[in-house]
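Novice: I am attaching a structure below and will ask some questions about it afterwards.
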Amino acid sequence: MSVELPFAPVDAIIRRRAGDLRVSSGAAEELARRVQAHGAALAVDAAERAARDNRKTLMAEDFDVHQVVSRRDLELPIAPIDRIARLEIDDRYRVSMDARIALADILEDYADNVASAAATLARHADRRTVQAEDIETYFSLFE
């Protein structure tokens, strides 16, 4: 599976949680891959909700979001989020703009939480760089 999400915004999310630590390109790539997989799984669940309501369009409510944030407040770009949402769902579904923004917000929060924990793991290992192994360790411990 190719990674749809650009590494630069994911790197920025890690950096805002890493403080004075550096961030390896491997860490940004690993987190982007994990964020993409999580987003695709959330979209599958949202598509099932839409299907139960006899709709072909995914809405923000299908992601359990009832108030959509402003697009300007997000680090993650919307176009790749749309592609991520469509990775595992049937082509007959559409994804509304509010749903894309809601999913981006969810995935950004998800990435923030992982990045914060990865930075803690890097500091605990007495390293100055957040690495892919910190992301992998987080998932091995908490999922």
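Ligands are numbered from 1 in the order shown, chains are lettered A, B, ... in the order of the structure tokens, and residues start at 1 in each chain.
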Using the chain letters and numbers from this document, which residues of chain A does DSSP assign to helix (DSSP H, G or I), as a PyMOL selection string?
Specialist: chain A and resi 7-18+25-52+60-63+71-73+78-86+97-124+132-142
Novice: Write down as a list in words the residues belonging to chain A that are assigned strand (DSSP E) by DSSP computed on the backbone.
Specialist: Arg22, Val23, Thr57, Leu58, Arg94, Val95, Thr129 and Val130 of chain A
Novice: With N, CA, C and O atoms kept, could you save the residues just selected as a compact mmCIF listing (two decimals), in the first residue's frame?
Specialist:
# COMPACT_ATOMS: atom_id res chain seq x y z
N ARG A 22 14.93 16.23 17.60
CA ARG A 22 14.86 16.16 16.14
C ARG A 22 13.89 15.05 15.76
O ARG A 22 13.53 14.22 16.59
N VAL A 23 13.52 15.03 14.49
CA VAL A 23 12.58 14.02 14.01
C VAL A 23 13.19 13.37 12.77
O VAL A 23 13.52 14.06 11.81
N THR A 57 -23.32 9.03 0.61
CA THR A 57 -22.37 10.09 0.95
C THR A 57 -22.01 10.00 2.42
O THR A 57 -22.91 10.00 3.28
N LEU A 58 -20.74 9.94 2.69
CA LEU A 58 -20.27 9.95 4.08
C LEU A 58 -20.34 11.37 4.61
O LEU A 58 -19.92 12.32 3.92
N ARG A 94 -19.45 8.64 -1.79
CA ARG A 94 -18.82 9.95 -1.88
C ARG A 94 -18.48 10.37 -0.46
O ARG A 94 -19.06 9.89 0.50
N VAL A 95 -17.54 11.29 -0.35
CA VAL A 95 -17.13 11.79 0.96
C VAL A 95 -17.36 13.30 0.95
O VAL A 95 -16.72 14.03 0.19
N THR A 129 16.65 12.30 19.00
CA THR A 129 15.86 12.20 17.77
C THR A 129 14.71 11.22 17.95
O THR A 129 14.91 10.11 18.43
N VAL A 130 13.52 11.65 17.56
CA VAL A 130 12.37 10.74 17.51
C VAL A 130 12.57 9.88 16.26
O VAL A 130 12.75 10.41 15.16
Novice: I want to know what sits within 10 Å of A:Val69, based on only C-alpha atoms, with residues of the same chain fewer than 4 positions away left out; could you give that as a ChimeraX atom specification?
Specialist: /A:65,73-74,98,101-102,104-105
Novice: Next, write the just-selected residues to a file, as an mmCIF file, in the first residue's frame, keeping all heavy atoms as the atom set.
Specialist:
data_model
loop_
_atom_site.group_PDB
_atom_site.id
_atom_site.type_symbol
_atom_site.label_atom_id
_atom_site.label_comp_id
_atom_site.auth_asym_id
_atom_site.auth_seq_id
_atom_site.Cartn_x
_atom_site.Cartn_y
_atom_site.Cartn_z
ATOM 1 N N VAL A 65 -18.607 12.988 14.551
ATOM 2 C CA VAL A 65 -18.229 14.399 14.712
ATOM 3 C C VAL A 65 -19.485 15.223 14.479
ATOM 4 O O VAL A 65 -20.120 15.108 13.429
ATOM 5 C CB VAL A 65 -17.119 14.805 13.714
ATOM 6 C CG1 VAL A 65 -16.859 16.303 13.775
ATOM 7 C CG2 VAL A 65 -15.850 14.015 13.991
ATOM 8 N N ASP A 73 -7.592 25.375 10.644
ATOM 9 C CA ASP A 73 -7.010 24.956 11.914
ATOM 10 C C ASP A 73 -6.276 23.622 11.816
ATOM 11 O O ASP A 73 -5.716 23.158 12.812
ATOM 12 C CB ASP A 73 -8.097 24.846 12.988
ATOM 13 C CG ASP A 73 -8.721 26.189 13.312
ATOM 14 O OD1 ASP A 73 -8.062 27.229 13.087
ATOM 15 O OD2 ASP A 73 -9.869 26.205 13.783
ATOM 16 N N LEU A 74 -6.282 23.022 10.649
ATOM 17 C CA LEU A 74 -5.697 21.692 10.496
ATOM 18 C C LEU A 74 -4.321 21.741 9.847
ATOM 19 O O LEU A 74 -4.081 22.548 8.945
ATOM 20 C CB LEU A 74 -6.618 20.810 9.647
ATOM 21 C CG LEU A 74 -7.998 20.542 10.237
ATOM 22 C CD1 LEU A 74 -8.867 19.832 9.222
ATOM 23 C CD2 LEU A 74 -7.876 19.716 11.503
ATOM 24 N N ASP A 98 -17.355 18.198 4.706
ATOM 25 C CA ASP A 98 -17.375 18.168 6.170
ATOM 26 C C ASP A 98 -16.813 16.851 6.705
ATOM 27 O O ASP A 98 -16.119 16.839 7.715
ATOM 28 C CB ASP A 98 -18.797 18.380 6.702
ATOM 29 C CG ASP A 98 -19.203 19.837 6.730
ATOM 30 O OD1 ASP A 98 -18.353 20.704 6.454
ATOM 31 O OD2 ASP A 98 -20.380 20.110 7.028
ATOM 32 N N ILE A 101 -12.987 16.984 6.423
ATOM 33 C CA ILE A 101 -12.416 17.838 7.469
ATOM 34 C C ILE A 101 -12.522 17.142 8.822
ATOM 35 O O ILE A 101 -11.582 17.167 9.616
ATOM 36 C CB ILE A 101 -13.105 19.219 7.471
ATOM 37 C CG1 ILE A 101 -12.776 19.957 6.165
ATOM 38 C CG2 ILE A 101 -12.679 20.040 8.684
ATOM 39 C CD1 ILE A 101 -13.588 21.215 5.935
ATOM 40 N N ALA A 102 -13.650 16.494 9.089
ATOM 41 C CA ALA A 102 -13.829 15.762 10.348
ATOM 42 C C ALA A 102 -12.798 14.641 10.462
ATOM 43 O O ALA A 102 -12.173 14.456 11.520
ATOM 44 C CB ALA A 102 -15.240 15.195 10.443
ATOM 45 N N ALA A 104 -9.899 14.481 8.932
ATOM 46 C CA ALA A 104 -8.580 15.104 9.098
ATOM 47 C C ALA A 104 -8.361 15.506 10.553
ATOM 48 O O ALA A 104 -7.268 15.305 11.108
ATOM 49 C CB ALA A 104 -8.437 16.313 8.185
ATOM 50 N N ASP A 105 -9.382 16.053 11.184
ATOM 51 C CA ASP A 105 -9.295 16.455 12.590
ATOM 52 C C ASP A 105 -9.058 15.239 13.491
ATOM 53 O O ASP A 105 -8.199 15.262 14.380
ATOM 54 C CB ASP A 105 -10.573 17.195 12.991
ATOM 55 C CG ASP A 105 -10.507 17.786 14.380
ATOM 56 O OD1 ASP A 105 -9.403 18.145 14.844
ATOM 57 O OD2 ASP A 105 -11.580 17.899 15.015
#
Novice: Do a neighbour search on A:Leu87 at 8 Å with only C-alpha atoms, toss out local chain neighbours closer than 3 positions, and write the hits as number ranges by chain.
Specialist: A: 40, 83-84
Novice: For the residues selected in the previous step, produce a file with N, CA, C and O atoms as a PDB file, in the first residue's frame.
Specialist:
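Listing of result08.pdb after writing:
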ATOM      1  N   ALA A  40      -8.317   4.885   6.969  1.00  0.00           N
ATOM      2  CA  ALA A  40      -9.037   3.977   6.076  1.00  0.00           C
ATOM      3  C   ALA A  40     -10.010   3.111   6.870  1.00  0.00           C
ATOM      4  O   ALA A  40     -11.148   2.887   6.429  1.00  0.00           O
ATOM      5  N   ARG A  83      -8.399  10.875  -0.278  1.00  0.00           N
ATOM      6  CA  ARG A  83      -7.905   9.633  -0.888  1.00  0.00           C
ATOM      7  C   ARG A  83      -7.800   8.516   0.145  1.00  0.00           C
ATOM      8  O   ARG A  83      -8.105   7.359  -0.146  1.00  0.00           O
ATOM      9  N   ILE A  84      -7.386   8.864   1.353  1.00  0.00           N
ATOM     10  CA  ILE A  84      -7.301   7.866   2.431  1.00  0.00           C
ATOM     11  C   ILE A  84      -8.688   7.330   2.743  1.00  0.00           C
ATOM     12  O   ILE A  84      -8.879   6.121   2.912  1.00  0.00           O
TER      13      ILE A  84
END
Novice: Can you list, as a list in words, every protein, DNA or RNA residue that comes within 7 Å of stretch 31-38 of chain A when you count only C-alpha atoms, leaving out same-chain residues fewer than 4 positions away?
Specialist: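 The contact residues come out as Val3, Leu5, Phe7, Val10, Ala27, Leu42, Ile84, Leu107, Ala111 and Ile135 of chain A.
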Novice: Would you mind listing, for every residue of stretch 24-99 of chain A within 10 Å of stretch 131-134 of chain A, the two atoms forming the shortest contact and the distance between them in Å to one decimal, using only C-alpha atoms, sorted by chain and ascending residue number, as JSON lines?
Specialist:
{"residue": "A:Ser24", "atom": "CA", "partner": "A:Gln131", "partner_atom": "CA", "distance": 5.3}
{"residue": "A:Ser25", "atom": "CA", "partner": "A:Gln131", "partner_atom": "CA", "distance": 7.9}
{"residue": "A:Gly26", "atom": "CA", "partner": "A:Ala132", "partner_atom": "CA", "distance": 5.1}
{"residue": "A:Ala27", "atom": "CA", "partner": "A:Ala132", "partner_atom": "CA", "distance": 3.8}
{"residue": "A:Ala28", "atom": "CA", "partner": "A:Ala132", "partner_atom": "CA", "distance": 7.4}
{"residue": "A:Glu29", "atom": "CA", "partner": "A:Ala132", "partner_atom": "CA", "distance": 7.8}
{"residue": "A:Glu30", "atom": "CA", "partner": "A:Ala132", "partner_atom": "CA", "distance": 5.8}
{"residue": "A:Leu31", "atom": "CA", "partner": "A:Ala132", "partner_atom": "CA", "distance": 7.8}
Novice: Name the closest residue to A:Glu88 among the candidates A:Ala8, A:Ala122, A:Leu141, A:Ala47; distances are taken between atoms, counting only C-alpha atoms.
Specialist: A:Ala47
Novice: Atom CA of A:Ile78 to atom CA of A:His66: how many Å, to one decimal?
Specialist: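 Between atom CA of A:Ile78 and atom CA of A:His66 the gap is 18.4 Å.
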Novice: When you draw a straight line from atom CA of A:Thr120 to atom CA of A:Gly19, how long is it in Å?
Specialist: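 Separation between atom CA of A:Thr120 and atom CA of A:Gly19: 10.4 Å.
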Novice: Write out as an MDAnalysis selection string the residues lying within 7 Å of A:Ala119, counting only C-alpha atoms and excluding same-chain residues fewer than 2 positions away.
Specialist: chainID A and resid 17:18 115:117 121:123 130
Novice: Using only C-alpha atoms, can you tell me which of A:Asp11, A:Arg86, A:Glu108, A:Glu4 comes closest to A:Asp45?
Specialist: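 The answer is A:Arg86, which sits nearest to A:Asp45.
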Novice: To one decimal in Å, tell me the separation between atom CA of A:Asp64 and atom CA of A:Ala85.
Specialist: 14.9 Å
